[in-house]
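A.B. asks: Dropping in coords_33.tsv, with TSV, C-alpha atoms and all ligand atoms.
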```
chain	number	residue	atom	x	y	z
J	554	MET	CA	100.19	185.09	171.49
J	555	ALA	CA	102.21	187.02	169.01
J	556	ASP	CA	104.03	183.78	167.96
J	557	ASN	CA	100.75	181.93	167.63
J	558	ALA	CA	99.37	184.73	165.53
J	559	ALA	CA	102.49	184.64	163.35
J	560	THR	CA	102.28	180.84	163.01
J	561	SER	CA	98.64	180.85	162.05
J	562	GLY	CA	99.44	183.70	159.63
J	563	ASP	CA	102.23	181.56	158.02
J	564	GLU	CA	99.90	178.59	157.83
J	565	GLY	CA	97.41	180.84	156.15
J	566	VAL	CA	100.05	181.85	153.60
J	567	GLU	CA	101.08	178.22	153.05
J	568	ARG	CA	97.47	177.15	152.63
J	569	ARG	CA	96.90	179.92	150.14
J	570	ASP	CA	100.06	178.86	148.24
J	571	PHE	CA	98.80	175.29	148.10
J	572	LEU	CA	95.41	176.44	146.87
J	573	VAL	CA	97.06	178.59	144.18
J	574	LEU	CA	99.30	175.67	143.12
J	575	ALA	CA	96.36	173.27	143.12
J	576	ALA	CA	94.35	175.69	141.04
J	577	GLY	CA	97.31	176.05	138.67
J	578	ALA	CA	97.58	172.28	138.31
J	579	MET	CA	93.86	172.03	137.65
J	580	GLY	CA	94.24	174.77	135.09
J	581	VAL	CA	96.96	172.82	133.26
J	582	VAL	CA	94.93	169.60	133.36
J	583	GLY	CA	91.86	171.52	132.27
J	584	THR	CA	93.71	173.22	129.41
J	585	ALA	CA	95.31	169.97	128.26
J	586	SER	CA	91.99	168.18	128.19
J	587	PHE	CA	90.44	171.14	126.36
J	588	VAL	CA	93.20	171.46	123.77
J	589	TRP	CA	93.39	167.80	122.84
J	590	PRO	CA	89.89	167.42	121.38
J	591	LEU	CA	90.50	170.69	119.53
J	592	ILE	CA	93.76	169.38	118.01
J	593	ASP	CA	92.16	166.00	117.37
J	594	SER	CA	89.24	167.66	115.61
J	595	MET	CA	91.69	169.41	113.28
J	596	ASN	CA	92.64	166.06	111.73
J	597	PRO	CA	90.15	165.72	108.89
J	598	SER	CA	88.06	162.58	109.11
J	599	ALA	CA	87.46	160.39	106.08
J	600	GLU	CA	83.96	161.87	105.93
J	601	VAL	CA	85.30	165.43	105.73
J	602	LEU	CA	87.88	164.47	103.11
J	603	ALA	CA	85.12	162.90	101.06
J	604	LEU	CA	83.31	166.22	101.11
J	605	SER	CA	86.30	168.13	99.78
J	606	THR	CA	84.53	167.92	96.41
J	607	VAL	CA	80.83	168.10	95.72
J	608	GLU	CA	79.14	167.15	92.46
J	609	VAL	CA	76.05	169.16	91.57
J	610	ASN	CA	73.43	168.16	89.02
J	611	LEU	CA	72.27	171.36	87.31
J	612	GLU	CA	69.38	169.81	85.39
J	613	PRO	CA	66.64	170.50	87.95
J	614	ILE	CA	67.47	174.24	88.24
J	615	PRO	CA	65.40	176.35	85.81
J	616	ALA	CA	66.60	179.79	84.64
J	617	GLY	CA	65.97	182.42	87.31
J	618	GLN	CA	66.34	179.97	90.19
J	619	ALA	CA	69.14	178.94	92.50
J	620	ILE	CA	70.08	176.21	94.92
J	621	THR	CA	72.44	176.17	97.87
J	622	VAL	CA	74.80	173.24	98.39
J	623	VAL	CA	77.30	172.68	101.18
J	624	TRP	CA	80.96	172.41	100.29
J	625	GLN	CA	83.60	172.07	103.00
J	626	GLY	CA	81.09	173.34	105.54
J	627	LYS	CA	80.26	176.46	103.56
J	628	PRO	CA	77.10	177.35	101.65
J	629	VAL	CA	77.70	177.56	97.91
J	630	PHE	CA	75.15	179.38	95.77
J	631	VAL	CA	74.52	177.90	92.34
J	632	ARG	CA	72.34	180.21	90.25
J	633	HIS	CA	70.96	179.61	86.77
J	634	ARG	CA	70.98	183.19	85.51
J	635	THR	CA	68.44	184.62	83.09
J	636	GLU	CA	69.46	186.48	79.91
J	637	GLU	CA	68.52	189.72	81.66
J	638	GLU	CA	70.73	188.97	84.71
J	639	ILE	CA	73.67	188.11	82.45
J	640	LYS	CA	73.15	191.33	80.47
J	641	GLN	CA	73.01	193.43	83.66
J	642	ALA	CA	76.20	191.83	84.96
J	643	ALA	CA	78.07	192.35	81.67
J	644	GLU	CA	77.04	196.01	81.27
J	645	VAL	CA	78.58	197.21	84.54
J	646	VAL	CA	81.59	199.51	84.23
J	647	VAL	CA	84.21	197.36	85.94
J	648	ALA	CA	86.50	200.25	86.86
J	649	ASP	CA	83.71	201.74	89.01
J	650	LEU	CA	83.47	198.65	91.19
J	651	ARG	CA	84.87	198.43	94.71
J	652	ASP	CA	86.35	195.04	93.86
J	653	PRO	CA	86.81	195.35	90.08
J	654	GLU	CA	86.14	192.05	88.36
J	655	PRO	CA	84.48	191.53	84.97
J	656	ASP	CA	81.55	189.16	84.94
J	657	SER	CA	83.43	186.92	82.51
J	658	ALA	CA	86.16	186.33	85.12
J	659	ARG	CA	83.59	185.01	87.61
J	660	VAL	CA	81.86	182.38	85.50
J	661	GLU	CA	82.82	179.35	83.45
J	662	ARG	CA	79.57	179.64	81.50
J	663	PRO	CA	77.54	182.87	81.65
J	664	GLU	CA	74.27	181.18	82.59
J	665	TRP	CA	75.76	179.54	85.69
J	666	LEU	CA	77.02	181.58	88.63
J	667	VAL	CA	78.70	179.60	91.41
J	668	MET	CA	79.98	181.34	94.53
J	669	ILE	CA	80.44	180.97	98.25
J	670	GLY	CA	77.36	182.35	99.97
J	671	LEU	CA	79.02	184.11	102.88
J	672	CYS	CA	79.02	187.90	103.05
J	673	THR	CA	82.58	189.20	102.87
J	674	HIS	CA	81.87	191.70	105.64
J	675	LEU	CA	81.30	189.48	108.68
J	676	GLY	CA	80.15	186.21	107.20
J	677	CYS	CA	76.34	186.30	107.28
J	678	ILE	CA	74.48	184.38	104.57
J	679	PRO	CA	73.05	186.91	102.10
J	680	LEU	CA	69.42	186.69	100.99
J	681	GLY	CA	68.49	186.29	97.34
J	682	GLN	CA	68.42	182.55	96.77
J	683	LYS	CA	64.63	182.31	96.93
J	684	SER	CA	62.47	184.26	94.50
J	685	THR	CA	60.65	185.77	97.50
J	686	ASP	CA	63.90	187.03	99.08
J	687	PRO	CA	64.98	190.67	98.91
J	688	GLN	CA	67.71	190.84	96.25
J	689	GLY	CA	69.06	194.30	97.03
J	690	GLU	CA	69.35	197.34	94.81
J	691	PHE	CA	71.35	195.54	92.14
J	692	GLY	CA	69.12	192.50	91.65
J	693	GLY	CA	71.49	189.92	93.13
J	694	TRP	CA	71.83	189.31	96.86
J	695	PHE	CA	71.26	191.40	99.97
J	696	CYS	CA	72.95	190.82	103.30
J	697	PRO	CA	70.50	191.75	106.05
J	698	CYS	CA	73.14	191.90	108.80
J	699	HIS	CA	74.54	195.33	107.88
J	700	GLY	CA	73.07	196.02	104.45
J	701	SER	CA	75.52	194.88	101.77
J	702	HIS	CA	74.14	194.72	98.24
J	703	TYR	CA	75.59	192.33	95.63
J	704	ASP	CA	74.79	192.39	91.91
J	705	THR	CA	73.82	189.58	89.53
J	706	ALA	CA	77.47	188.51	89.37
J	707	GLY	CA	77.79	188.50	93.18
J	708	ARG	CA	79.95	191.62	93.16
J	709	ILE	CA	79.77	194.05	96.06
J	710	ARG	CA	78.00	197.23	94.98
J	711	LYS	CA	76.89	198.95	98.20
J	712	GLY	CA	77.30	198.50	101.97
J	713	PRO	CA	80.23	197.55	104.19
J	714	ALA	CA	81.41	194.32	102.54
J	715	PRO	CA	84.92	194.87	101.11
J	716	THR	CA	85.00	192.29	98.34
J	717	ASN	CA	82.86	190.25	95.97
J	718	LEU	CA	81.38	186.91	97.01
J	719	PRO	CA	84.24	184.47	96.29
J	720	VAL	CA	84.02	181.93	93.48
J	721	PRO	CA	85.15	178.48	94.64
J	722	PRO	CA	87.22	176.21	92.40
J	723	TYR	CA	84.86	174.22	90.19
J	724	SER	CA	84.63	172.73	86.72
J	725	PHE	CA	82.02	171.33	84.37
J	726	VAL	CA	82.30	167.57	84.17
J	727	SER	CA	79.41	167.48	81.69
J	728	ASP	CA	76.94	170.01	80.27
J	729	THR	CA	74.70	169.50	83.28
J	730	THR	CA	77.09	168.65	86.10
J	731	ILE	CA	79.70	170.65	87.96
J	732	LEU	CA	82.30	169.47	90.41
J	733	ILE	CA	83.06	171.94	93.19
J	734	GLY	CA	86.44	171.64	94.88
X	1	LIG	S1	77.89	190.52	107.42
X	1	LIG	FE1	76.96	191.14	105.57
X	1	LIG	S2	76.88	193.26	105.70
X	1	LIG	FE2	77.84	192.68	107.54
```
As structure tokens, what does this structure read like?
C.D. replies:
Amino acid sequence: MADNAATSGDEGVERRDFLVLAAGAMGVVGTASFVWPLIDSMNPSAEVLALSTVEVNLEPIPAGQAITVVWQGKPVFVRHRTEEEIKQAAEVVVADLRDPEPDSARVERPEWLVMIGLCTHLGCIPLGQKSTDPQGEFGGWFCPCHGSHYDTAGRIRKGPAPTNLPVPPYSFVSDTTILIG
């Protein structure tokens, strides 16, 4: 009886070992088949490469309005600033800013502000693109996720975001067209 008990106990151990090994093998197969599409997806397709630059026609954007375009999967805010917005941005004492940057360093031409529309705190899309949106205490953009306020140059002025909204690489290819990227 004791032998039988021992034998069935050993079989139990062996069966458990097999199950553990089988589960391990499944895990490897599962991981391999999970990792491959991930690695494969990291090779940029021709379509993605084509979107590494985006041309934007500025003509339809009147002063005081903005559009959002997508560049490399990110929202980019393109705002046609008013004289008043430019004045507000230029009058700020740069040394008092959390991320000190003069307005002139953030624009190619003062009337056009181009920046990546992702809050530098945790990546929400700030409000302020539509005229009906809240624009925060500094007249620019307001991130509703945790209350970051950006000014009319997209600089962080209040709330948890550590840095200004980043300016992507772009250039004017004509008076009314920019190329982002
Ligand atoms: S993500 Fe914008 S304030 Fe937190």
A.B. asks: Figure out the distance between atom CA of Gln618 of chain J and atom CA of Asp686 of chain J, please, to one decimal in Å.
C.D. replies: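 So the two atoms, atom CA of Asp686 of chain J and atom CA of Gln618 of chain J, lie 11.6 Å apart.
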A.B. asks: Set the cut-off to 7 Å, count all atoms listed in the file, and list whatever residues fall near ligand LIG 1 (chain X) as an MDAnalysis selection string.
C.D. replies: chainID J and resid 672:677 679 696:701 712:714
A.B. asks: Got a sec: who's within 10 Å of Leu680 of chain J, counting only C-alpha atoms, leaving out chain neighbours fewer than 4 positions off, as JSON, numbers by chain?
C.D. replies: {"J": [670, 672, 684, 685, 686, 687, 688, 689, 693, 694, 695, 696, 697, 702, 703]}
A.B. asks: Applying 8 Å and only C-alpha atoms, which residues near Leu666 of chain J remain after dropping the ones on its own chain fewer than 5 positions away? List them as a PyMOL selection string.
C.D. replies: chain J and resi 630-634+659-660+706
A.B. asks: So how far away is atom CA of Ala648 of chain J from atom CA of Ile678 of chain J, in Å?
C.D. replies: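 Atom-to-atom, atom CA of Ile678 of chain J to atom CA of Ala648 of chain J, that is 26.6 Å.
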A.B. asks: To one decimal place in Å, what is the distance between atom CA of Val647 of chain J and atom CA of Val667 of chain J?
C.D. replies: 19.4 Å
A.B. asks: Kindly indicate which residue among J:Asp656, J:Glu644, J:Glu664, J:Glu638 lies nearest to Pro615 of chain J, using all atoms listed in the file for the distances.
C.D. replies: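 For Pro615 of chain J, the nearest of the given residues is J:Glu664.
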A.B. asks: Which one is closest to Val623 of chain J: J:Met668, J:Ile639, J:Leu650, J:Ala658? Count all atoms listed in the file.
C.D. replies: J:Met668
A.B. asks: What does segment 719-733 of chain J look like written to a file with N, CA, C and O atoms, as an mmCIF file, in the first residue's frame?
C.D. replies:
```
data_model
loop_
_atom_site.group_PDB
_atom_site.id
_atom_site.type_symbol
_atom_site.label_atom_id
_atom_site.label_comp_id
_atom_site.auth_asym_id
_atom_site.auth_seq_id
_atom_site.Cartn_x
_atom_site.Cartn_y
_atom_site.Cartn_z
ATOM 1 N N PRO J 719 6.119 71.248 -27.014
ATOM 2 C CA PRO J 719 7.287 71.264 -27.907
ATOM 3 C C PRO J 719 6.952 71.786 -29.307
ATOM 4 O O PRO J 719 5.857 71.553 -29.816
ATOM 5 N N VAL J 720 7.928 72.451 -29.887
ATOM 6 C CA VAL J 720 7.792 72.929 -31.273
ATOM 7 C C VAL J 720 8.457 71.883 -32.176
ATOM 8 O O VAL J 720 9.633 71.558 -31.986
ATOM 9 N N PRO J 721 7.721 71.343 -33.149
ATOM 10 C CA PRO J 721 8.337 70.347 -34.030
ATOM 11 C C PRO J 721 9.234 71.041 -35.058
ATOM 12 O O PRO J 721 9.128 72.248 -35.266
ATOM 13 N N PRO J 722 10.104 70.301 -35.717
ATOM 14 C CA PRO J 722 10.861 70.915 -36.815
ATOM 15 C C PRO J 722 9.899 71.278 -37.947
ATOM 16 O O PRO J 722 9.047 70.463 -38.323
ATOM 17 N N TYR J 723 9.987 72.495 -38.434
ATOM 18 C CA TYR J 723 9.164 72.880 -39.590
ATOM 19 C C TYR J 723 9.807 74.078 -40.266
ATOM 20 O O TYR J 723 10.668 74.750 -39.681
ATOM 21 N N SER J 724 9.396 74.338 -41.499
ATOM 22 C CA SER J 724 9.907 75.504 -42.210
ATOM 23 C C SER J 724 8.830 76.023 -43.152
ATOM 24 O O SER J 724 7.914 75.273 -43.537
ATOM 25 N N PHE J 725 8.964 77.288 -43.511
ATOM 26 C CA PHE J 725 8.054 77.874 -44.502
ATOM 27 C C PHE J 725 8.592 77.537 -45.890
ATOM 28 O O PHE J 725 9.743 77.865 -46.205
ATOM 29 N N VAL J 726 7.764 76.901 -46.690
ATOM 30 C CA VAL J 726 8.181 76.647 -48.069
ATOM 31 C C VAL J 726 7.626 77.724 -49.000
ATOM 32 O O VAL J 726 8.061 77.859 -50.140
ATOM 33 N N SER J 727 6.641 78.474 -48.503
ATOM 34 C CA SER J 727 6.163 79.678 -49.185
ATOM 35 C C SER J 727 5.514 80.537 -48.095
ATOM 36 O O SER J 727 5.476 80.129 -46.940
ATOM 37 N N ASP J 728 4.994 81.698 -48.472
ATOM 38 C CA ASP J 728 4.370 82.562 -47.463
ATOM 39 C C ASP J 728 3.154 81.908 -46.829
ATOM 40 O O ASP J 728 2.757 82.266 -45.714
ATOM 41 N N THR J 729 2.556 80.970 -47.523
ATOM 42 C CA THR J 729 1.307 80.386 -47.018
ATOM 43 C C THR J 729 1.374 78.876 -46.830
ATOM 44 O O THR J 729 0.352 78.224 -46.671
ATOM 45 N N THR J 730 2.568 78.337 -46.842
ATOM 46 C CA THR J 730 2.694 76.871 -46.685
ATOM 47 C C THR J 730 3.869 76.548 -45.777
ATOM 48 O O THR J 730 4.965 77.096 -45.942
ATOM 49 N N ILE J 731 3.611 75.645 -44.820
ATOM 50 C CA ILE J 731 4.730 75.150 -44.010
ATOM 51 C C ILE J 731 4.898 73.654 -44.255
ATOM 52 O O ILE J 731 3.946 72.954 -44.617
ATOM 53 N N LEU J 732 6.112 73.202 -44.020
ATOM 54 C CA LEU J 732 6.411 71.775 -44.099
ATOM 55 C C LEU J 732 6.867 71.348 -42.709
ATOM 56 O O LEU J 732 7.883 71.840 -42.199
ATOM 57 N N ILE J 733 6.094 70.449 -42.112
ATOM 58 C CA ILE J 733 6.432 69.957 -40.772
ATOM 59 C C ILE J 733 7.215 68.661 -40.934
ATOM 60 O O ILE J 733 6.802 67.769 -41.667
#
```
